[in-house]
$ cat input04.cif   # mmCIF, C-alpha atoms
data_start
loop_
_atom_site.label_atom_id
_atom_site.label_comp_id
_atom_site.auth_asym_id
_atom_site.auth_seq_id
_atom_site.Cartn_x
_atom_site.Cartn_y
_atom_site.Cartn_z
CA MET A 675 107.24 78.11 108.36
CA ARG A 676 110.36 79.38 110.05
CA MET A 677 113.30 77.02 110.40
CA TYR A 678 113.36 77.20 114.21
CA LEU A 679 109.82 75.81 114.23
CA LEU A 680 111.07 72.82 112.25
CA THR A 681 114.12 72.23 114.43
CA ALA A 682 112.72 73.01 117.90
CA PRO A 683 111.38 70.14 120.01
CA ARG A 684 107.71 69.52 119.21
CA TRP A 685 106.59 70.13 122.79
CA VAL A 686 108.22 73.59 122.71
CA VAL A 687 106.38 74.47 119.49
CA GLY A 688 103.05 73.22 120.85
CA LEU A 689 103.45 74.87 124.24
CA GLY A 690 104.66 78.19 122.79
CA GLY A 691 101.92 78.37 120.15
CA GLY A 692 99.27 77.23 122.61
CA LEU A 693 100.26 79.81 125.24
CA LEU A 694 100.32 82.59 122.68
CA VAL A 695 96.87 81.72 121.36
CA ALA A 696 95.46 81.17 124.85
CA THR A 697 96.65 84.63 125.89
CA VAL A 698 95.34 86.38 122.76
CA VAL A 699 91.97 84.62 122.92
CA ALA A 700 91.55 85.38 126.62
CA VAL A 701 92.41 89.06 126.15
CA VAL A 702 90.14 89.44 123.10
CA PHE A 703 87.24 87.68 124.82
CA ARG A 704 87.67 89.76 127.96
CA LEU A 705 87.83 93.05 126.06
CA ASP A 706 84.87 92.17 123.82
CA ASN A 707 82.59 90.93 126.58
CA SER A 708 83.35 92.53 129.90
CA THR A 709 80.32 90.80 131.47
CA ARG A 710 82.04 87.42 131.09
CA SER A 711 83.89 86.26 134.21
CA TRP A 712 87.66 85.98 134.24
CA THR A 713 87.34 82.25 134.90
CA ALA A 714 85.24 81.72 131.75
CA THR A 715 87.60 83.92 129.76
CA VAL A 716 90.70 82.04 130.90
CA LEU A 717 89.06 78.65 130.30
CA THR A 718 88.08 79.72 126.79
CA GLY A 719 91.67 80.77 126.12
CA VAL A 720 93.02 77.48 127.51
CA VAL A 721 90.69 75.40 125.32
CA PHE A 722 91.69 77.35 122.21
CA GLY A 723 95.36 77.15 123.21
CA VAL A 724 95.28 73.39 123.72
CA LEU A 725 93.50 72.84 120.42
CA LEU A 726 95.87 75.09 118.48
CA GLY A 727 98.97 73.78 120.26
CA GLY A 728 98.01 70.20 119.40
CA GLY A 729 97.26 71.15 115.81
CA LEU A 730 100.58 72.96 115.56
CA VAL A 731 102.46 69.89 116.80
CA LEU A 732 100.72 67.71 114.19
CA SER A 733 101.46 70.25 111.46
CA VAL A 734 105.14 70.58 112.40
CA THR A 735 105.52 66.79 112.57
CA THR A 736 104.03 66.42 109.09
CA GLN A 737 106.15 69.24 107.67
CA ARG A 738 109.33 67.78 109.17
CA GLY A 739 108.63 64.46 107.47
CA GLU A 740 107.85 66.11 104.14
CA LEU A 741 110.95 68.29 104.36
CA ARG A 742 113.16 65.31 105.10
CA GLU A 743 111.58 63.32 102.25
CA ALA A 744 111.91 66.18 99.74
CA ALA A 745 115.44 67.16 100.76
CA GLY A 746 116.82 63.64 100.90
CA GLU A 747 119.57 62.48 103.22
CA LEU A 748 121.33 65.76 103.88
CA PRO A 749 123.17 66.45 107.14
CA PRO A 750 121.34 68.87 109.48
CA ALA A 751 123.39 71.93 108.48
CA GLN A 752 122.78 71.35 104.78
CA LEU A 753 119.13 70.54 105.46
CA SER A 754 118.74 73.94 107.15
CA ALA A 755 120.52 75.63 104.25
CA ALA A 756 118.27 73.86 101.73
CA TYR A 757 115.11 74.87 103.57
CA ARG A 758 116.21 78.50 103.89
CA ALA A 759 117.14 78.58 100.20
CA ALA A 760 113.75 77.15 99.25
CA VAL A 761 112.02 80.03 101.01
CA TRP A 762 114.30 83.11 100.84
CA GLY A 763 117.87 84.34 100.76
CA GLU A 764 120.96 83.42 98.82
CA ILE A 765 120.88 80.61 96.30
CA PRO A 766 123.41 78.00 97.51
CA SER A 767 126.46 77.36 95.37
CA ASP A 768 126.51 73.66 96.32
CA PRO A 769 124.50 71.87 93.59
CA VAL A 770 123.31 69.16 96.02
CA VAL A 771 121.88 71.72 98.44
CA ARG A 772 120.42 73.77 95.56
CA ALA A 773 118.70 70.68 94.11
CA ALA A 774 117.33 69.76 97.54
CA ALA A 775 116.07 73.33 97.98
CA ALA A 776 114.31 73.16 94.60
CA ARG A 777 112.61 69.90 95.65
CA VAL A 778 111.53 71.43 98.96
CA ALA A 779 110.12 74.51 97.17
CA GLN A 780 108.30 72.25 94.70
CA ARG A 781 106.81 70.26 97.58
CA ARG A 782 105.66 73.48 99.26
CA LEU A 783 104.07 74.61 95.98
CA GLU A 784 102.20 71.32 95.63
CA ALA A 785 100.94 71.54 99.22
CA LEU A 786 99.34 74.98 98.83
CA ARG A 787 95.57 75.30 98.88
CA PRO A 788 93.74 76.24 95.66
CA ARG A 789 93.98 79.98 95.05
CA ILE A 790 90.22 80.41 94.65
CA LEU A 791 89.68 78.92 98.12
CA VAL A 792 92.37 81.19 99.56
CA ALA A 793 90.79 84.22 97.88
CA ILE A 794 87.33 83.37 99.22
CA ILE A 795 88.65 82.91 102.77
CA ALA A 796 90.68 86.14 102.59
CA ILE A 797 87.64 88.09 101.39
CA ALA A 798 85.42 86.53 104.08
CA MET A 799 87.95 87.42 106.79
CA THR A 800 88.25 90.99 105.52
CA VAL A 801 84.46 91.47 105.29
CA GLY A 802 84.09 89.97 108.77
CA ALA A 803 86.72 92.34 110.13
CA VAL A 804 84.96 95.36 108.64
CA LEU A 805 81.52 94.26 109.89
CA HIS A 806 82.82 93.63 113.40
CA ALA A 807 84.61 96.98 113.43
CA LEU A 808 81.39 98.70 112.37
CA ALA A 809 79.60 96.91 115.22
CA ASP A 810 82.23 98.24 117.69
CA ASN A 811 83.59 94.71 118.22
CA TYR A 812 87.21 95.76 117.76
CA GLY A 813 88.90 92.76 119.35
CA LEU A 814 87.36 90.23 116.98
CA ALA A 815 87.74 92.69 114.10
CA GLY A 816 91.48 92.83 114.80
CA VAL A 817 91.80 89.05 114.98
CA LEU A 818 89.92 88.67 111.68
CA ALA A 819 92.02 91.40 110.05
CA VAL A 820 95.27 89.68 111.03
CA ALA A 821 93.94 86.31 109.85
CA GLY A 822 92.78 87.89 106.60
CA LEU A 823 96.24 89.35 106.02
CA GLY A 824 97.71 85.88 106.50
CA TRP A 825 95.40 84.48 103.84
CA ILE A 826 96.26 87.36 101.49
CA VAL A 827 99.95 86.52 101.89
CA GLU A 828 99.18 82.88 101.09
CA PHE A 829 97.34 83.99 97.94
CA PHE A 830 100.64 85.25 96.51
CA GLN A 831 102.72 82.21 97.51
CA PRO A 832 102.37 80.19 94.27
CA ALA A 833 103.93 82.91 92.10
CA ARG A 834 106.72 83.48 94.61
CA LEU A 835 107.48 79.78 94.90
CA ARG A 836 107.49 79.29 91.11
CA ARG A 837 110.00 82.13 90.80
CA ARG A 838 112.10 80.59 93.58
CA ILE A 839 112.07 77.17 91.89
CA GLU A 840 113.18 78.83 88.66
CA LEU A 841 116.09 80.53 90.45
CA LEU A 842 117.09 77.30 92.21
CA SER A 843 116.94 75.33 88.96
CA THR A 844 119.24 77.59 86.93
CA GLU A 845 122.96 76.92 86.77
CA ASN A 846 123.83 80.53 87.49
CA GLY A 847 121.47 80.63 90.48
CA ALA A 848 124.43 80.81 92.90
CA ALA A 849 125.04 84.42 91.94
CA ARG A 850 121.44 85.52 92.49
CA SER A 851 119.12 85.87 95.43
CA VAL A 852 115.61 87.03 96.16
#

$ encode --input "input04.cif" --output "structure tokens"
Amino acid sequence: MRMYLLTAPRWVVGLGGGLLVATVVAVVFRLDNSTRSWTATVLTGVVFGVLLGGGLVLSVTTQRGELREAAGELPPAQLSAAYRAAVWGEIPSDPVVRAAAARVAQRRLEALRPRILVAIIAIAMTVGAVLHALADNYGLAGVLAVAGLGWIVEFFQPARLRRRIELLSTENGAARSV
């Protein structure tokens, strides 16, 4: 998750995510089924947007708590640096921030879903995208393809996080980055 999602007010995250999903769902439903009324299409988008926005707020709240717990009592600037270092970029030279970043990366690694489950979901999304494209249902095929790509990226997260933890744990990590 991006740092601005963890530092933005929860209502902004929920509203932004909900509006984005509501818009995408409404457009996809309208393009895929032109016989559906605009009212039904918009209401479908709103329902999906509210559900996803609420879920996003719960997810961000949980992740904020876990980040704070894993990173310890760092000031906000160092907390941001630790989170960024746990995910990408330069390895911090400050050993306190580097240790906090390693704990955050370890927590993220522990929270990942089992790889076999991720692989099954990614394959199902990809097959669904192909089948919908063959049935000329391009809107849903596109949504499934994007979702499938997200699951494929998650499939490779454990190896990337283990490498990141290794870099954050070494004494000479300050000179390296990924």

$ resolve_selection --input "input04.cif" --expression "the PyMOL selection byres ((chain A and resi 693) around 10)" --output "list in words"
Val687, Gly688, Leu689, Gly690, Gly691, Gly692, Leu694, Val695, Ala696, Thr697, Val698, Val699, Gly719, Val720, Phe722, Gly723, Val724, Leu726 and Gly727 of chain A

$ resolve_selection --input "input04.cif" --expression "the PyMOL selection byres ((chain A and resi 759) around 9)" --output "ChimeraX atom specification"
/A:754-758,760-766,771-772,775-776,779,838,842,851

$ atom_distance --input "input04.cif" --atom1 "atom CA of Val734 of chain A" --atom2 "atom CA of Ala785 of chain A"
13.9 Å

$ resolve_selection --input "input04.cif" --expression "the PyMOL selection byres ((chain A and resi 702-706) around 7)" --output "list in words"
Val698, Val699, Ala700, Val701, Asn707, Ser708, Arg710, Thr715, Asn811, Gly813 and Leu814 of chain A

$ axis_aligned_box --input "input04.cif" --around "segment 748-753 of chain A" --padding-each-side "8 Å" --output "lines of an AutoDock Vina configuration file"
center_x = 121.3
center_y = 68.8
center_z = 106.7
size_x = 20.3
size_y = 22.2
size_z = 21.6

$ atom_distance --input "input04.cif" --atom1 "atom CA of Val778 of chain A" --atom2 "atom CA of Glu840 of chain A"
12.8 Å

$ atom_distance --input "input04.cif" --atom1 "atom CA of Arg684 of chain A" --atom2 "atom CA of Leu732 of chain A"
8.8 Å

$ residues_around --input "input04.cif" --residues "Phe829 of chain A" --least-positions-apart "2" --cutoff "6 Å" --atoms "only C-alpha atoms" --output "CSV table (one decimal) with C-alpha atoms, keeping the file's coordinate frame"
chain,number,residue,atom,x,y,z
A,789,ARG,CA,94.0,80.0,95.0
A,792,VAL,CA,92.4,81.2,99.6
A,826,ILE,CA,96.3,87.4,101.5
A,827,VAL,CA,100.0,86.5,101.9
A,831,GLN,CA,102.7,82.2,97.5

$ closest_residue --input "input04.cif" --among "A:Ser843, A:Ile790, A:Leu823, A:Thr681" --to "Pro750 of chain A" --atoms "all atoms listed in the file"
A:Thr681

$ residues_around --input "input04.cif" --residues "Phe830 of chain A" --least-positions-apart "4" --cutoff "12 Å" --atoms "all atoms listed in the file" --output "count of residues only"
17

$ closest_residue --input "input04.cif" --among "A:Gly728, A:Arg781, A:Gly802, A:Ser711" --to "Arg742 of chain A" --atoms "all atoms listed in the file"
A:Arg781

$ residues_around --input "input04.cif" --residues "Gly822 of chain A" --least-positions-apart "4" --cutoff "9 Å" --atoms "all atoms listed in the file" --output "PDB file with C-alpha atoms, in the frame of the given file"
ATOM      1  CA  ILE A 795      88.650  82.910 102.770  1.00  0.00           C
ATOM      2  CA  ALA A 796      90.680  86.140 102.590  1.00  0.00           C
ATOM      3  CA  ILE A 797      87.640  88.090 101.390  1.00  0.00           C
ATOM      4  CA  ALA A 798      85.420  86.530 104.080  1.00  0.00           C
ATOM      5  CA  MET A 799      87.950  87.420 106.790  1.00  0.00           C
ATOM      6  CA  THR A 800      88.250  90.990 105.520  1.00  0.00           C
ATOM      7  CA  ALA A 803      86.720  92.340 110.130  1.00  0.00           C
ATOM      8  CA  VAL A 817      91.800  89.050 114.980  1.00  0.00           C
ATOM      9  CA  LEU A 818      89.920  88.670 111.680  1.00  0.00           C
ATOM     10  CA  ILE A 826      96.260  87.360 101.490  1.00  0.00           C
ATOM     11  CA  VAL A 827      99.950  86.520 101.890  1.00  0.00           C
TER      12      VAL A 827
END

$ build_atoms --input "input04.cif" --residues "segment 785-796 of chain A" --atoms "N, CA, C and O atoms" --output "PDB file, in the frame of the given file"
ATOM      1  N   ALA A 785     101.740  71.629  98.004  1.00  0.00           N
ATOM      2  CA  ALA A 785     100.940  71.540  99.220  1.00  0.00           C
ATOM      3  C   ALA A 785     100.021  72.739  99.435  1.00  0.00           C
ATOM      4  O   ALA A 785      99.184  72.709 100.337  1.00  0.00           O
ATOM      5  N   LEU A 786     100.168  73.785  98.636  1.00  0.00           N
ATOM      6  CA  LEU A 786      99.340  74.980  98.830  1.00  0.00           C
ATOM      7  C   LEU A 786      97.887  74.702  98.483  1.00  0.00           C
ATOM      8  O   LEU A 786      97.576  73.877  97.632  1.00  0.00           O
ATOM      9  N   ARG A 787      97.006  75.416  99.147  1.00  0.00           N
ATOM     10  CA  ARG A 787      95.570  75.300  98.880  1.00  0.00           C
ATOM     11  C   ARG A 787      95.258  75.970  97.540  1.00  0.00           C
ATOM     12  O   ARG A 787      95.982  76.866  97.104  1.00  0.00           O
ATOM     13  N   PRO A 788      94.139  75.577  96.929  1.00  0.00           N
ATOM     14  CA  PRO A 788      93.740  76.240  95.660  1.00  0.00           C
ATOM     15  C   PRO A 788      93.560  77.738  95.869  1.00  0.00           C
ATOM     16  O   PRO A 788      93.013  78.175  96.890  1.00  0.00           O
ATOM     17  N   ARG A 789      94.010  78.518  94.903  1.00  0.00           N
ATOM     18  CA  ARG A 789      93.980  79.980  95.050  1.00  0.00           C
ATOM     19  C   ARG A 789      92.562  80.524  95.200  1.00  0.00           C
ATOM     20  O   ARG A 789      92.356  81.495  95.910  1.00  0.00           O
ATOM     21  N   ILE A 790      91.592  79.900  94.537  1.00  0.00           N
ATOM     22  CA  ILE A 790      90.220  80.410  94.650  1.00  0.00           C
ATOM     23  C   ILE A 790      89.722  80.244  96.085  1.00  0.00           C
ATOM     24  O   ILE A 790      89.071  81.134  96.628  1.00  0.00           O
ATOM     25  N   LEU A 791      90.061  79.133  96.722  1.00  0.00           N
ATOM     26  CA  LEU A 791      89.680  78.920  98.120  1.00  0.00           C
ATOM     27  C   LEU A 791      90.357  79.957  99.014  1.00  0.00           C
ATOM     28  O   LEU A 791      89.721  80.541  99.893  1.00  0.00           O
ATOM     29  N   VAL A 792      91.632  80.199  98.772  1.00  0.00           N
ATOM     30  CA  VAL A 792      92.370  81.190  99.560  1.00  0.00           C
ATOM     31  C   VAL A 792      91.760  82.575  99.376  1.00  0.00           C
ATOM     32  O   VAL A 792      91.591  83.325 100.347  1.00  0.00           O
ATOM     33  N   ALA A 793      91.397  82.911  98.137  1.00  0.00           N
ATOM     34  CA  ALA A 793      90.790  84.220  97.880  1.00  0.00           C
ATOM     35  C   ALA A 793      89.454  84.361  98.592  1.00  0.00           C
ATOM     36  O   ALA A 793      89.163  85.405  99.199  1.00  0.00           O
ATOM     37  N   ILE A 794      88.635  83.314  98.567  1.00  0.00           N
ATOM     38  CA  ILE A 794      87.330  83.370  99.220  1.00  0.00           C
ATOM     39  C   ILE A 794      87.495  83.544 100.736  1.00  0.00           C
ATOM     40  O   ILE A 794      86.806  84.363 101.357  1.00  0.00           O
ATOM     41  N   ILE A 795      88.427  82.797 101.322  1.00  0.00           N
ATOM     42  CA  ILE A 795      88.650  82.910 102.770  1.00  0.00           C
ATOM     43  C   ILE A 795      89.184  84.294 103.129  1.00  0.00           C
ATOM     44  O   ILE A 795      88.756  84.894 104.116  1.00  0.00           O
ATOM     45  N   ALA A 796      90.116  84.809 102.328  1.00  0.00           N
ATOM     46  CA  ALA A 796      90.680  86.140 102.590  1.00  0.00           C
ATOM     47  C   ALA A 796      89.590  87.211 102.517  1.00  0.00           C
ATOM     48  O   ALA A 796      89.521  88.108 103.368  1.00  0.00           O
TER      49      ALA A 796
END
